[in-house]
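Worksheet for the structure shown next.
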Amino acid sequence: MNELLNVGLYCRLSSDDGTIGESGSIQTQKMILEKYCNDNSFKVKDIYVDDGYSGLNFNRPNFQRLINDIEICKINLVITKDLSRLGRDYIQTGYYTEIYFPSKGVRYIAVNDNIDTFKDNNDIAPFKNILNDMYAKDLSRKVKAAKHQRAMNGWDEIYKP
């Protein structure tokens, strides 16, 4: 069956971790996914990378390219490191994993979350999606509060990271 699968690896990170070119996290995601494919005899058709894009929306260039490739039947298996790499908006992520991918005959695997839509062990996925969404929103609130406090203290004029 593996020879019939056209695999698209999807990697995403919301902000660059300071390396030149691709971030270290993206490189690590690629290594994990490529090893997973080698271990399972999956042939990678394409790799889609959105480095520096939030998971709270799906208007990302390479995610849209992935969707286009699904529409033209180039890809029928999408693999991510975990559910949060696909997206952090629990409603949209659930839409893609529960409705869109199955309607297109696309299998989805989140390696580290042990999610595989080909198997019947995915009951935890909606809860993980909710937690991923909550994490992103909580982090956003904390960053905004820290920036506000720095501005109130006049630190933005002295220290600009």
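Residue numbering restarts at 1 for every chain of the structure tokens, chains are lettered A, B, ... in their displayed order, and ligands are numbered from 1 as they appear.
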
Please extract the residues of region 28-124 of chain A with a backbone DSSP assignment of alpha helix (DSSP H) and present them as number ranges by chain. A: 28-39, 61-71, 83-86, 90-94, 101-103

I'd like the neighbourhood of Cys11 (chain A) as a list in words, where a residue qualifies if any of its atoms comes within 7 Å (using only C-alpha atoms), though same-chain residues fewer than 2 positions away should be ignored.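 After dropping sequence-adjacent residues, the list is Leu9, Ile26, Gln29, Tyr48, Val49, Asp50, Thr80 and Arg85 of chain A.
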
So which one's closest to Leu77 (chain A), A:Asp46, A:Asp51, A:Asp39, A:Asp113? Using only C-alpha atoms, please.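 With only C-alpha atoms as the atom set, the closest residue is A:Asp46.
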
Which residues are near Gly87 (chain A)? Cut-off 10 Å, only C-alpha atoms, ignore same chain within fewer than 3 positions. Put them as a list of chain:residue names.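 Those residues are A:Arg12, A:Leu13, A:Ser54, A:Gly55, A:Leu56, A:Asn57, A:Phe58, A:Phe63, A:Asp82, A:Leu83, A:Ser84, A:Tyr90, A:Ile91, A:Gln92, A:Thr93, A:Gly94, A:Tyr96, A:Asn129, A:Asn132, A:Asp133.
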
Could you tell me how far CA of Asn6 (chain A) sits from CA of Lys43 (chain A), in Å to one decimal place?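 For CA of Lys43 (chain A) relative to CA of Asn6 (chain A), the distance reads 6.7 Å.
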
Give me, as a PDB file with all heavy atoms, in the first residue's frame, all polymer residues having an atom no more than 12 Å from Cys37 (chain A), counting only C-alpha atoms and skipping those fewer than 3 positions away in the same chain.
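Wrote it out as selection19.pdb, contents follow:
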ATOM      1  N   ASN A   2       2.026   1.229   0.649  1.00  0.00           N
ATOM      2  CA  ASN A   2       2.859   2.421   0.762  1.00  0.00           C
ATOM      3  C   ASN A   2       3.284   2.976  -0.594  1.00  0.00           C
ATOM      4  O   ASN A   2       3.467   4.175  -0.739  1.00  0.00           O
ATOM      5  CB  ASN A   2       4.094   2.143   1.614  1.00  0.00           C
ATOM      6  CG  ASN A   2       3.745   1.938   3.072  1.00  0.00           C
ATOM      7  OD1 ASN A   2       2.603   2.145   3.467  1.00  0.00           O
ATOM      8  ND2 ASN A   2       4.705   1.532   3.861  1.00  0.00           N
ATOM      9  N   GLU A   3       3.426   2.114  -1.609  1.00  0.00           N
ATOM     10  CA  GLU A   3       3.861   2.598  -2.916  1.00  0.00           C
ATOM     11  C   GLU A   3       2.794   3.440  -3.601  1.00  0.00           C
ATOM     12  O   GLU A   3       3.093   4.179  -4.523  1.00  0.00           O
ATOM     13  CB  GLU A   3       4.300   1.436  -3.813  1.00  0.00           C
ATOM     14  CG  GLU A   3       3.196   0.457  -4.155  1.00  0.00           C
ATOM     15  CD  GLU A   3       2.994  -0.640  -3.122  1.00  0.00           C
ATOM     16  OE1 GLU A   3       3.742  -0.701  -2.137  1.00  0.00           O
ATOM     17  OE2 GLU A   3       2.058  -1.443  -3.306  1.00  0.00           O
ATOM     18  N   LEU A   5       1.079   5.756  -1.982  1.00  0.00           N
ATOM     19  CA  LEU A   5       0.949   7.000  -1.227  1.00  0.00           C
ATOM     20  C   LEU A   5       1.902   8.066  -1.751  1.00  0.00           C
ATOM     21  O   LEU A   5       3.089   7.815  -1.941  1.00  0.00           O
ATOM     22  CB  LEU A   5       1.201   6.747   0.255  1.00  0.00           C
ATOM     23  CG  LEU A   5       0.192   5.820   0.927  1.00  0.00           C
ATOM     24  CD1 LEU A   5       0.616   5.491   2.342  1.00  0.00           C
ATOM     25  CD2 LEU A   5      -1.189   6.455   0.911  1.00  0.00           C
ATOM     26  N   ASN A   6       1.353   9.246  -1.981  1.00  0.00           N
ATOM     27  CA  ASN A   6       2.147  10.399  -2.372  1.00  0.00           C
ATOM     28  C   ASN A   6       2.204  11.323  -1.169  1.00  0.00           C
ATOM     29  O   ASN A   6       1.229  11.990  -0.843  1.00  0.00           O
ATOM     30  CB  ASN A   6       1.514  11.109  -3.570  1.00  0.00           C
ATOM     31  CG  ASN A   6       1.502  10.229  -4.791  1.00  0.00           C
ATOM     32  OD1 ASN A   6       2.492   9.595  -5.113  1.00  0.00           O
ATOM     33  ND2 ASN A   6       0.373  10.169  -5.465  1.00  0.00           N
ATOM     34  N   VAL A   7       3.357  11.346  -0.511  1.00  0.00           N
ATOM     35  CA  VAL A   7       3.497  11.993   0.788  1.00  0.00           C
ATOM     36  C   VAL A   7       3.902  13.451   0.655  1.00  0.00           C
ATOM     37  O   VAL A   7       4.842  13.790  -0.055  1.00  0.00           O
ATOM     38  CB  VAL A   7       4.541  11.245   1.653  1.00  0.00           C
ATOM     39  CG1 VAL A   7       4.712  11.915   3.004  1.00  0.00           C
ATOM     40  CG2 VAL A   7       4.148   9.782   1.813  1.00  0.00           C
ATOM     41  N   GLY A   8       3.180  14.282   1.395  1.00  0.00           N
ATOM     42  CA  GLY A   8       3.548  15.680   1.559  1.00  0.00           C
ATOM     43  C   GLY A   8       3.904  15.905   3.018  1.00  0.00           C
ATOM     44  O   GLY A   8       3.094  15.642   3.906  1.00  0.00           O
ATOM     45  N   LEU A   9       5.129  16.330   3.272  1.00  0.00           N
ATOM     46  CA  LEU A   9       5.553  16.657   4.631  1.00  0.00           C
ATOM     47  C   LEU A   9       5.283  18.135   4.860  1.00  0.00           C
ATOM     48  O   LEU A   9       5.644  18.970   4.025  1.00  0.00           O
ATOM     49  CB  LEU A   9       7.044  16.377   4.824  1.00  0.00           C
ATOM     50  CG  LEU A   9       7.527  14.960   4.521  1.00  0.00           C
ATOM     51  CD1 LEU A   9       9.025  14.840   4.759  1.00  0.00           C
ATOM     52  CD2 LEU A   9       6.754  13.948   5.345  1.00  0.00           C
ATOM     53  N   LYS A  30      11.913  18.507   9.764  1.00  0.00           N
ATOM     54  CA  LYS A  30      12.212  17.785   8.519  1.00  0.00           C
ATOM     55  C   LYS A  30      12.933  16.477   8.804  1.00  0.00           C
ATOM     56  O   LYS A  30      12.615  15.437   8.215  1.00  0.00           O
ATOM     57  CB  LYS A  30      13.068  18.644   7.587  1.00  0.00           C
ATOM     58  CG  LYS A  30      12.316  19.677   6.824  1.00  0.00           C
ATOM     59  CD  LYS A  30      13.292  20.387   5.888  1.00  0.00           C
ATOM     60  CE  LYS A  30      12.636  21.433   5.061  1.00  0.00           C
ATOM     61  NZ  LYS A  30      13.609  22.131   4.195  1.00  0.00           N
ATOM     62  N   MET A  31      13.926  16.514   9.695  1.00  0.00           N
ATOM     63  CA  MET A  31      14.677  15.304  10.020  1.00  0.00           C
ATOM     64  C   MET A  31      13.763  14.234  10.617  1.00  0.00           C
ATOM     65  O   MET A  31      13.836  13.060  10.247  1.00  0.00           O
ATOM     66  CB  MET A  31      15.836  15.609  10.977  1.00  0.00           C
ATOM     67  CG  MET A  31      16.974  16.361  10.326  1.00  0.00           C
ATOM     68  SD  MET A  31      18.460  16.576  11.345  1.00  0.00           S
ATOM     69  CE  MET A  31      17.828  16.905  12.954  1.00  0.00           C
ATOM     70  N   ILE A  32      12.901  14.632  11.543  1.00  0.00           N
ATOM     71  CA  ILE A  32      11.961  13.691  12.172  1.00  0.00           C
ATOM     72  C   ILE A  32      11.044  13.071  11.122  1.00  0.00           C
ATOM     73  O   ILE A  32      10.838  11.850  11.090  1.00  0.00           O
ATOM     74  CB  ILE A  32      11.146  14.399  13.273  1.00  0.00           C
ATOM     75  CG1 ILE A  32      12.040  14.733  14.473  1.00  0.00           C
ATOM     76  CG2 ILE A  32       9.941  13.553  13.696  1.00  0.00           C
ATOM     77  CD1 ILE A  32      11.399  15.687  15.481  1.00  0.00           C
ATOM     78  N   LEU A  33      10.495  13.914  10.265  1.00  0.00           N
ATOM     79  CA  LEU A  33       9.542  13.435   9.262  1.00  0.00           C
ATOM     80  C   LEU A  33      10.208  12.568   8.199  1.00  0.00           C
ATOM     81  O   LEU A  33       9.653  11.546   7.783  1.00  0.00           O
ATOM     82  CB  LEU A  33       8.809  14.611   8.621  1.00  0.00           C
ATOM     83  CG  LEU A  33       7.963  15.450   9.583  1.00  0.00           C
ATOM     84  CD1 LEU A  33       7.326  16.624   8.846  1.00  0.00           C
ATOM     85  CD2 LEU A  33       6.917  14.615  10.282  1.00  0.00           C
ATOM     86  N   GLU A  34      11.393  12.949   7.767  1.00  0.00           N
ATOM     87  CA  GLU A  34      12.106  12.146   6.770  1.00  0.00           C
ATOM     88  C   GLU A  34      12.500  10.784   7.348  1.00  0.00           C
ATOM     89  O   GLU A  34      12.393   9.765   6.667  1.00  0.00           O
ATOM     90  CB  GLU A  34      13.318  12.913   6.243  1.00  0.00           C
ATOM     91  CG  GLU A  34      12.891  14.058   5.322  1.00  0.00           C
ATOM     92  CD  GLU A  34      14.020  14.991   4.930  1.00  0.00           C
ATOM     93  OE1 GLU A  34      15.077  15.004   5.613  1.00  0.00           O
ATOM     94  OE2 GLU A  34      13.836  15.734   3.946  1.00  0.00           O
ATOM     95  N   ASN A  40       9.132   3.827   7.505  1.00  0.00           N
ATOM     96  CA  ASN A  40       7.858   3.249   7.071  1.00  0.00           C
ATOM     97  C   ASN A  40       7.762   3.058   5.556  1.00  0.00           C
ATOM     98  O   ASN A  40       6.680   2.778   5.035  1.00  0.00           O
ATOM     99  CB  ASN A  40       6.702   4.127   7.566  1.00  0.00           C
ATOM    100  CG  ASN A  40       6.551   4.024   9.061  1.00  0.00           C
ATOM    101  OD1 ASN A  40       5.969   3.071   9.557  1.00  0.00           O
ATOM    102  ND2 ASN A  40       7.097   4.980   9.801  1.00  0.00           N
ATOM    103  N   SER A  41       8.883   3.230   4.869  1.00  0.00           N
ATOM    104  CA  SER A  41       8.961   3.055   3.414  1.00  0.00           C
ATOM    105  C   SER A  41       7.990   3.941   2.648  1.00  0.00           C
ATOM    106  O   SER A  41       7.419   3.541   1.634  1.00  0.00           O
ATOM    107  CB  SER A  41       8.736   1.580   3.037  1.00  0.00           C
ATOM    108  OG  SER A  41       9.685   0.762   3.664  1.00  0.00           O
ATOM    109  N   PHE A  42       7.792   5.168   3.149  1.00  0.00           N
ATOM    110  CA  PHE A  42       6.972   6.153   2.454  1.00  0.00           C
ATOM    111  C   PHE A  42       7.878   6.980   1.552  1.00  0.00           C
ATOM    112  O   PHE A  42       8.959   7.391   1.970  1.00  0.00           O
ATOM    113  CB  PHE A  42       6.277   7.103   3.431  1.00  0.00           C
ATOM    114  CG  PHE A  42       5.207   6.477   4.285  1.00  0.00           C
ATOM    115  CD1 PHE A  42       5.013   6.914   5.575  1.00  0.00           C
ATOM    116  CD2 PHE A  42       4.378   5.484   3.796  1.00  0.00           C
ATOM    117  CE1 PHE A  42       4.023   6.369   6.374  1.00  0.00           C
ATOM    118  CE2 PHE A  42       3.385   4.928   4.580  1.00  0.00           C
ATOM    119  CZ  PHE A  42       3.206   5.369   5.870  1.00  0.00           C
ATOM    120  N   LYS A  43       7.427   7.242   0.351  1.00  0.00           N
ATOM    121  CA  LYS A  43       8.179   8.095  -0.575  1.00  0.00           C
ATOM    122  C   LYS A  43       7.644   9.518  -0.494  1.00  0.00           C
ATOM    123  O   LYS A  43       6.458   9.759  -0.711  1.00  0.00           O
ATOM    124  CB  LYS A  43       8.060   7.573  -2.000  1.00  0.00           C
ATOM    125  CG  LYS A  43       8.769   8.438  -3.013  1.00  0.00           C
ATOM    126  CD  LYS A  43       9.437   7.632  -4.067  1.00  0.00           C
ATOM    127  CE  LYS A  43      10.051   8.477  -5.148  1.00  0.00           C
ATOM    128  NZ  LYS A  43      11.090   9.355  -4.731  1.00  0.00           N
ATOM    129  N   VAL A  44       8.541  10.442  -0.202  1.00  0.00           N
ATOM    130  CA  VAL A  44       8.149  11.852  -0.077  1.00  0.00           C
ATOM    131  C   VAL A  44       8.032  12.468  -1.460  1.00  0.00           C
ATOM    132  O   VAL A  44       8.975  12.450  -2.244  1.00  0.00           O
ATOM    133  CB  VAL A  44       9.172  12.638   0.783  1.00  0.00           C
ATOM    134  CG1 VAL A  44       8.818  14.109   0.842  1.00  0.00           C
ATOM    135  CG2 VAL A  44       9.262  12.030   2.174  1.00  0.00           C
ATOM    136  N   LYS A  45       6.856  13.016  -1.726  1.00  0.00           N
ATOM    137  CA  LYS A  45       6.603  13.685  -3.004  1.00  0.00           C
ATOM    138  C   LYS A  45       7.031  15.147  -2.944  1.00  0.00           C
ATOM    139  O   LYS A  45       7.582  15.675  -3.898  1.00  0.00           O
ATOM    140  CB  LYS A  45       5.108  13.577  -3.330  1.00  0.00           C
ATOM    141  CG  LYS A  45       4.740  13.977  -4.710  1.00  0.00           C
ATOM    142  CD  LYS A  45       5.063  12.888  -5.679  1.00  0.00           C
ATOM    143  CE  LYS A  45       4.357  13.140  -6.992  1.00  0.00           C
ATOM    144  NZ  LYS A  45       4.749  12.174  -7.989  1.00  0.00           N
ATOM    145  N   LEU A  77      -1.223  11.771   1.273  1.00  0.00           N
ATOM    146  CA  LEU A  77      -0.833  11.531   2.661  1.00  0.00           C
ATOM    147  C   LEU A  77      -0.083  12.765   3.150  1.00  0.00           C
ATOM    148  O   LEU A  77       0.914  13.170   2.549  1.00  0.00           O
ATOM    149  CB  LEU A  77       0.059  10.295   2.794  1.00  0.00           C
ATOM    150  CG  LEU A  77       0.731  10.034   4.144  1.00  0.00           C
ATOM    151  CD1 LEU A  77      -0.273   9.967   5.281  1.00  0.00           C
ATOM    152  CD2 LEU A  77       1.563   8.766   4.099  1.00  0.00           C
ATOM    153  N   VAL A  78      -0.587  13.383   4.206  1.00  0.00           N
ATOM    154  CA  VAL A  78       0.047  14.551   4.812  1.00  0.00           C
ATOM    155  C   VAL A  78       0.605  14.112   6.162  1.00  0.00           C
ATOM    156  O   VAL A  78      -0.104  13.485   6.957  1.00  0.00           O
ATOM    157  CB  VAL A  78      -0.959  15.711   5.016  1.00  0.00           C
ATOM    158  CG1 VAL A  78      -0.316  16.868   5.772  1.00  0.00           C
ATOM    159  CG2 VAL A  78      -1.497  16.181   3.666  1.00  0.00           C
ATOM    160  N   ILE A  79       1.873  14.450   6.399  1.00  0.00           N
ATOM    161  CA  ILE A  79       2.515  14.090   7.663  1.00  0.00           C
ATOM    162  C   ILE A  79       3.103  15.342   8.294  1.00  0.00           C
ATOM    163  O   ILE A  79       3.801  16.113   7.632  1.00  0.00           O
ATOM    164  CB  ILE A  79       3.627  13.038   7.465  1.00  0.00           C
ATOM    165  CG1 ILE A  79       3.076  11.791   6.754  1.00  0.00           C
ATOM    166  CG2 ILE A  79       4.242  12.644   8.809  1.00  0.00           C
ATOM    167  CD1 ILE A  79       4.132  10.737   6.436  1.00  0.00           C
ATOM    168  N   THR A  80       2.808  15.536   9.583  1.00  0.00           N
ATOM    169  CA  THR A  80       3.404  16.609  10.370  1.00  0.00           C
ATOM    170  C   THR A  80       4.061  16.006  11.605  1.00  0.00           C
ATOM    171  O   THR A  80       3.767  14.863  11.979  1.00  0.00           O
ATOM    172  CB  THR A  80       2.350  17.642  10.825  1.00  0.00           C
ATOM    173  OG1 THR A  80       1.383  16.996  11.650  1.00  0.00           O
ATOM    174  CG2 THR A  80       1.664  18.309   9.639  1.00  0.00           C
ATOM    175  N   LYS A  81       4.916  16.788  12.260  1.00  0.00           N
ATOM    176  CA  LYS A  81       5.547  16.324  13.497  1.00  0.00           C
ATOM    177  C   LYS A  81       4.494  16.113  14.571  1.00  0.00           C
ATOM    178  O   LYS A  81       4.515  15.126  15.286  1.00  0.00           O
ATOM    179  CB  LYS A  81       6.608  17.315  13.965  1.00  0.00           C
ATOM    180  CG  LYS A  81       7.349  16.854  15.223  1.00  0.00           C
ATOM    181  CD  LYS A  81       8.290  17.908  15.736  1.00  0.00           C
ATOM    182  CE  LYS A  81       7.506  18.885  16.510  1.00  0.00           C
ATOM    183  NZ  LYS A  81       7.790  19.360  17.760  1.00  0.00           N
ATOM    184  N   ILE A 109      -1.143  11.971   9.214  1.00  0.00           N
ATOM    185  CA  ILE A 109      -0.369  11.423  10.331  1.00  0.00           C
ATOM    186  C   ILE A 109       0.310  12.567  11.064  1.00  0.00           C
ATOM    187  O   ILE A 109       0.973  13.400  10.449  1.00  0.00           O
ATOM    188  CB  ILE A 109       0.700  10.418   9.843  1.00  0.00           C
ATOM    189  CG1 ILE A 109       0.043   9.209   9.170  1.00  0.00           C
ATOM    190  CG2 ILE A 109       1.599   9.978  11.003  1.00  0.00           C
ATOM    191  CD1 ILE A 109       1.021   8.254   8.506  1.00  0.00           C
ATOM    192  N   VAL A 111       3.074  12.531  13.738  1.00  0.00           N
ATOM    193  CA  VAL A 111       4.010  11.536  14.245  1.00  0.00           C
ATOM    194  C   VAL A 111       4.078  11.518  15.767  1.00  0.00           C
ATOM    195  O   VAL A 111       3.836  10.484  16.399  1.00  0.00           O
ATOM    196  CB  VAL A 111       5.416  11.748  13.627  1.00  0.00           C
ATOM    197  CG1 VAL A 111       6.433  10.796  14.243  1.00  0.00           C
ATOM    198  CG2 VAL A 111       5.367  11.585  12.115  1.00  0.00           C
TER     199      VAL A 111
END

Test item: residues at most 12 Å from Glu71 (chain A), only C-alpha atoms, excluding those fewer than 6 positions along its chain, as a list in words: Gln64, Arg65, Tyr100, Phe101, Ser103, Lys104, Gly105 and Val106 of chain A

Could you take the residues named above and write them with N, CA, C and O atoms, as a PDB file, in the first residue's frame?
ATOM      1  N   GLN A  64      -1.276  26.573   1.670  1.00  0.00           N
ATOM      2  CA  GLN A  64      -2.163  26.728   0.520  1.00  0.00           C
ATOM      3  C   GLN A  64      -1.648  25.937  -0.686  1.00  0.00           C
ATOM      4  O   GLN A  64      -2.433  25.370  -1.452  1.00  0.00           O
ATOM      5  N   ARG A  65      -0.328  25.876  -0.837  1.00  0.00           N
ATOM      6  CA  ARG A  65       0.263  25.067  -1.925  1.00  0.00           C
ATOM      7  C   ARG A  65      -0.026  23.583  -1.686  1.00  0.00           C
ATOM      8  O   ARG A  65      -0.349  22.843  -2.622  1.00  0.00           O
ATOM      9  N   TYR A 100     -12.069  17.754   5.662  1.00  0.00           N
ATOM     10  CA  TYR A 100     -11.455  18.009   4.362  1.00  0.00           C
ATOM     11  C   TYR A 100     -10.578  16.849   3.886  1.00  0.00           C
ATOM     12  O   TYR A 100     -10.765  16.340   2.773  1.00  0.00           O
ATOM     13  N   PHE A 101      -9.593  16.440   4.704  1.00  0.00           N
ATOM     14  CA  PHE A 101      -8.697  15.362   4.275  1.00  0.00           C
ATOM     15  C   PHE A 101      -9.472  14.087   3.913  1.00  0.00           C
ATOM     16  O   PHE A 101      -9.271  13.533   2.826  1.00  0.00           O
ATOM     17  N   SER A 103     -12.530  13.759   2.931  1.00  0.00           N
ATOM     18  CA  SER A 103     -13.346  13.974   1.725  1.00  0.00           C
ATOM     19  C   SER A 103     -12.507  13.906   0.457  1.00  0.00           C
ATOM     20  O   SER A 103     -13.034  13.629  -0.617  1.00  0.00           O
ATOM     21  N   LYS A 104     -11.221  14.142   0.586  1.00  0.00           N
ATOM     22  CA  LYS A 104     -10.310  14.094  -0.562  1.00  0.00           C
ATOM     23  C   LYS A 104      -9.531  12.780  -0.626  1.00  0.00           C
ATOM     24  O   LYS A 104      -8.652  12.620  -1.471  1.00  0.00           O
ATOM     25  N   GLY A 105      -9.828  11.866   0.290  1.00  0.00           N
ATOM     26  CA  GLY A 105      -9.114  10.591   0.312  1.00  0.00           C
ATOM     27  C   GLY A 105      -7.687  10.720   0.807  1.00  0.00           C
ATOM     28  O   GLY A 105      -6.817   9.924   0.443  1.00  0.00           O
ATOM     29  N   VAL A 106      -7.443  11.730   1.654  1.00  0.00           N
ATOM     30  CA  VAL A 106      -6.096  12.008   2.152  1.00  0.00           C
ATOM     31  C   VAL A 106      -5.944  11.452   3.563  1.00  0.00           C
ATOM     32  O   VAL A 106      -6.753  11.731   4.447  1.00  0.00           O
TER      33      VAL A 106
END
